[in-house]
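The structure appears right after this line, and notes come after that.
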Amino acid sequence: MKINDRLIVPLDVEKFNEAESIVNELEENITTYKVGLQLYTREGQRVIKMLKKYEKKIFLDLKFHDIPNTVVGAVKSALELGIDMLTIHAMGGFDMMEGVAKLLWQRRNDGKHSPTVFAVTLLTSLDSAFLMDVIGTTNRSVEDEVVILAGAAQSAGINGVVAAPQEIKSIRKKYGKELLILTPGIRPAGSDKNDQQRIATPFSAIKDGADYIVVGRPILQSENKIKTVKNILKEMRDGLKNS
Ligand code: C5P
């Protein structure tokens with residue numbers, strides 16, 4: 001995989017025109033964009049069409065979470081869009097994840113384009129109080145829970161997981177190289193943390209074993225976006241050499 005393909009920029013903007021101007025500005029330096037709930041809910045498929053026009057890869061981050069039949073239906077609809085990556089919630093359960101995995105195996109067997117699916121383990125906004133008060137789990141840490149959910153995703157046949165920087169190593173160690181890891185909360189050395197609490201540099205996330213990193217504000221709010229991207233790619237290359 002080329003190093004640029006490991007760096008994903010989220011189009012965390014409200015409107016279509018803002019999204020298109022980011023894609024224009026970053027030119028060939030960025031190959032993959034993440035489209036999330038805010039932009040997709042407002043602008044819908046025209047964003048996907050725009051990214052296709054620019055020959056970009058598309059990560060549709062809508063974090064599907066519902067009964068298996070409904071999520072499999074949603075993934076079928078997403079397949080029609082010709083996207084490359086998508087997210088579901090591991091908390092949706094084994095049957096839900098397995099239903100999605102089976103649909104994609106079938107597509108692959110039929111020789112059709114099949115996106116890579118990532119399961120969100122535990123949202124980073126949730127903590128041990130959530131595990132205790134809402135789920136009723138008293139004997140597991142957040143990290144243990146994340147590792148268990150990642151294992152469930154892998155057993156269900158899902159390609160990868162979304163994990164916070166500090167969880168990369170334990171997931172890698174336990175489940176090997178087969179399970180892909182995609183990590184947000186990345187901040188190049190010296191940049192603003194914004195609202196991210198637990199962060200890592202591009203170097204350390206890749207060194208620890210992340211396959212993909214998502215970097216938003218450090219690039220999007222930068223005065224010289226292309227220079228920032230080039231520095232991040234350099235850090236990532238160094239991380240790969242040290243992994
Ligand atoms: O601007 P920043 O680099 O913080 O953006 C990170 C992106 O990754 C945002 O789109 C955010 O929603 C997403 N994300 C995250 N933390 C998670 C899951 C997703 O920051 N745990």
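Residue numbering restarts at 1 in every chain; chains get A, B, ... in the order shown in the structure tokens, and ligands count up from 1 in that same order.
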
Which residues are near ligand 1 - at most 10 Å, using only C-alpha atoms and all ligand atoms? Format: as a PyMOL selection string.
chain A and resi 8-13+34-38+61+63+120-126+162-165+182-188+192-199+213-221

Compile a residue-level contact table for region 116-144 of chain A against region 98-105 of chain A at a cut-off of 12 Å, reporting for every qualifying residue the shortest atom pair and its distance in Å to one decimal, with only C-alpha atoms counted, rows ordered by chain and ascending number, as a Markdown table.
```
| residue | atom | partner | partner_atom | distance |
| --- | --- | --- | --- | --- |
| A:Thr116 | CA | A:Leu104 | CA | 8.7 |
| A:Val117 | CA | A:Ala101 | CA | 8.1 |
| A:Phe118 | CA | A:Ala101 | CA | 10.5 |
| A:Ala119 | CA | A:Val100 | CA | 10.7 |
```

Using DSSP on the backbone coordinates, identify all residues within region 6-218 of chain A classified as strand (DSSP E or B); present the result as a short mmCIF file (atom, residue, chain, number, x, y, z; two decimals) with C-alpha atoms, in the first residue's frame.
```cif
data_model
loop_
_atom_site.label_atom_id
_atom_site.label_comp_id
_atom_site.auth_asym_id
_atom_site.auth_seq_id
_atom_site.Cartn_x
_atom_site.Cartn_y
_atom_site.Cartn_z
CA LEU A 7 -3.66 8.95 5.34
CA ILE A 8 -7.37 9.83 5.41
CA VAL A 9 -8.71 13.38 5.63
CA PRO A 10 -12.22 13.84 7.06
CA THR A 32 -8.87 9.14 0.48
CA TYR A 33 -11.55 11.28 2.11
CA LYS A 34 -13.87 10.45 4.99
CA VAL A 35 -17.50 11.51 4.61
CA GLY A 36 -19.30 11.55 7.95
CA LYS A 57 -11.25 6.87 -2.55
CA ILE A 58 -14.27 7.26 -0.29
CA PHE A 59 -14.58 6.28 3.35
CA LEU A 60 -18.27 6.49 4.26
CA ASP A 61 -18.24 6.89 8.03
CA LEU A 62 -21.92 6.59 8.95
CA LYS A 63 -21.33 4.05 11.76
CA PHE A 64 -24.32 1.81 11.02
CA MET A 85 -14.50 1.89 3.10
CA LEU A 86 -17.39 2.04 5.58
CA THR A 87 -18.06 1.75 9.30
CA ILE A 88 -20.47 -0.23 11.45
CA HIS A 89 -20.67 -0.46 15.25
CA THR A 116 -13.37 -2.63 3.40
CA VAL A 117 -15.51 -2.63 6.54
CA PHE A 118 -14.30 -1.24 9.86
CA ALA A 119 -16.08 -1.86 13.15
CA VAL A 120 -16.09 0.95 15.66
CA GLY A 160 -10.80 -4.00 10.51
CA VAL A 161 -11.50 -1.85 13.55
CA VAL A 162 -11.44 1.83 14.44
CA LEU A 180 -6.77 -3.71 9.92
CA ILE A 181 -6.57 -0.81 12.38
CA LEU A 182 -7.73 2.71 11.56
CA THR A 183 -6.89 5.41 14.10
CA ILE A 186 -3.72 12.03 15.52
CA ALA A 200 -0.63 10.22 19.17
CA TYR A 212 -4.62 3.98 8.40
CA ILE A 213 -4.73 7.28 10.26
CA VAL A 214 -7.40 9.98 10.10
#
```

Which residues in region 5-193 of chain A does DSSP call alpha helix (DSSP H)? List them as a ChimeraX atom specification.
/A:16-26,37-43,45-53,68-80,94-109,128-130,142-155,168-175

In Å, how far is it from CA of Ser21 (chain A) to CA of Ala74 (chain A)?
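Between CA of Ser21 (chain A) and CA of Ala74 (chain A) the gap works out to 28.8 Å.
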
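Of the listed residues A:His65, A:Arg140, A:Lys169, A:Lys230, the one whose atoms come nearest to Ala90 (chain A) is A:His65, with distances taken using only C-alpha atoms.
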
A:Ala129, A:Ala153, A:Val147, A:Ala78 ranked by distance to His113 (chain A), top pick (using only C-alpha atoms)
A:Ala78

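Nearest residue to Ser77 (chain A), choosing from A:Gln106, A:Asp95, A:Gln45, A:Ile171 and counting only C-alpha atoms: A:Gln45.
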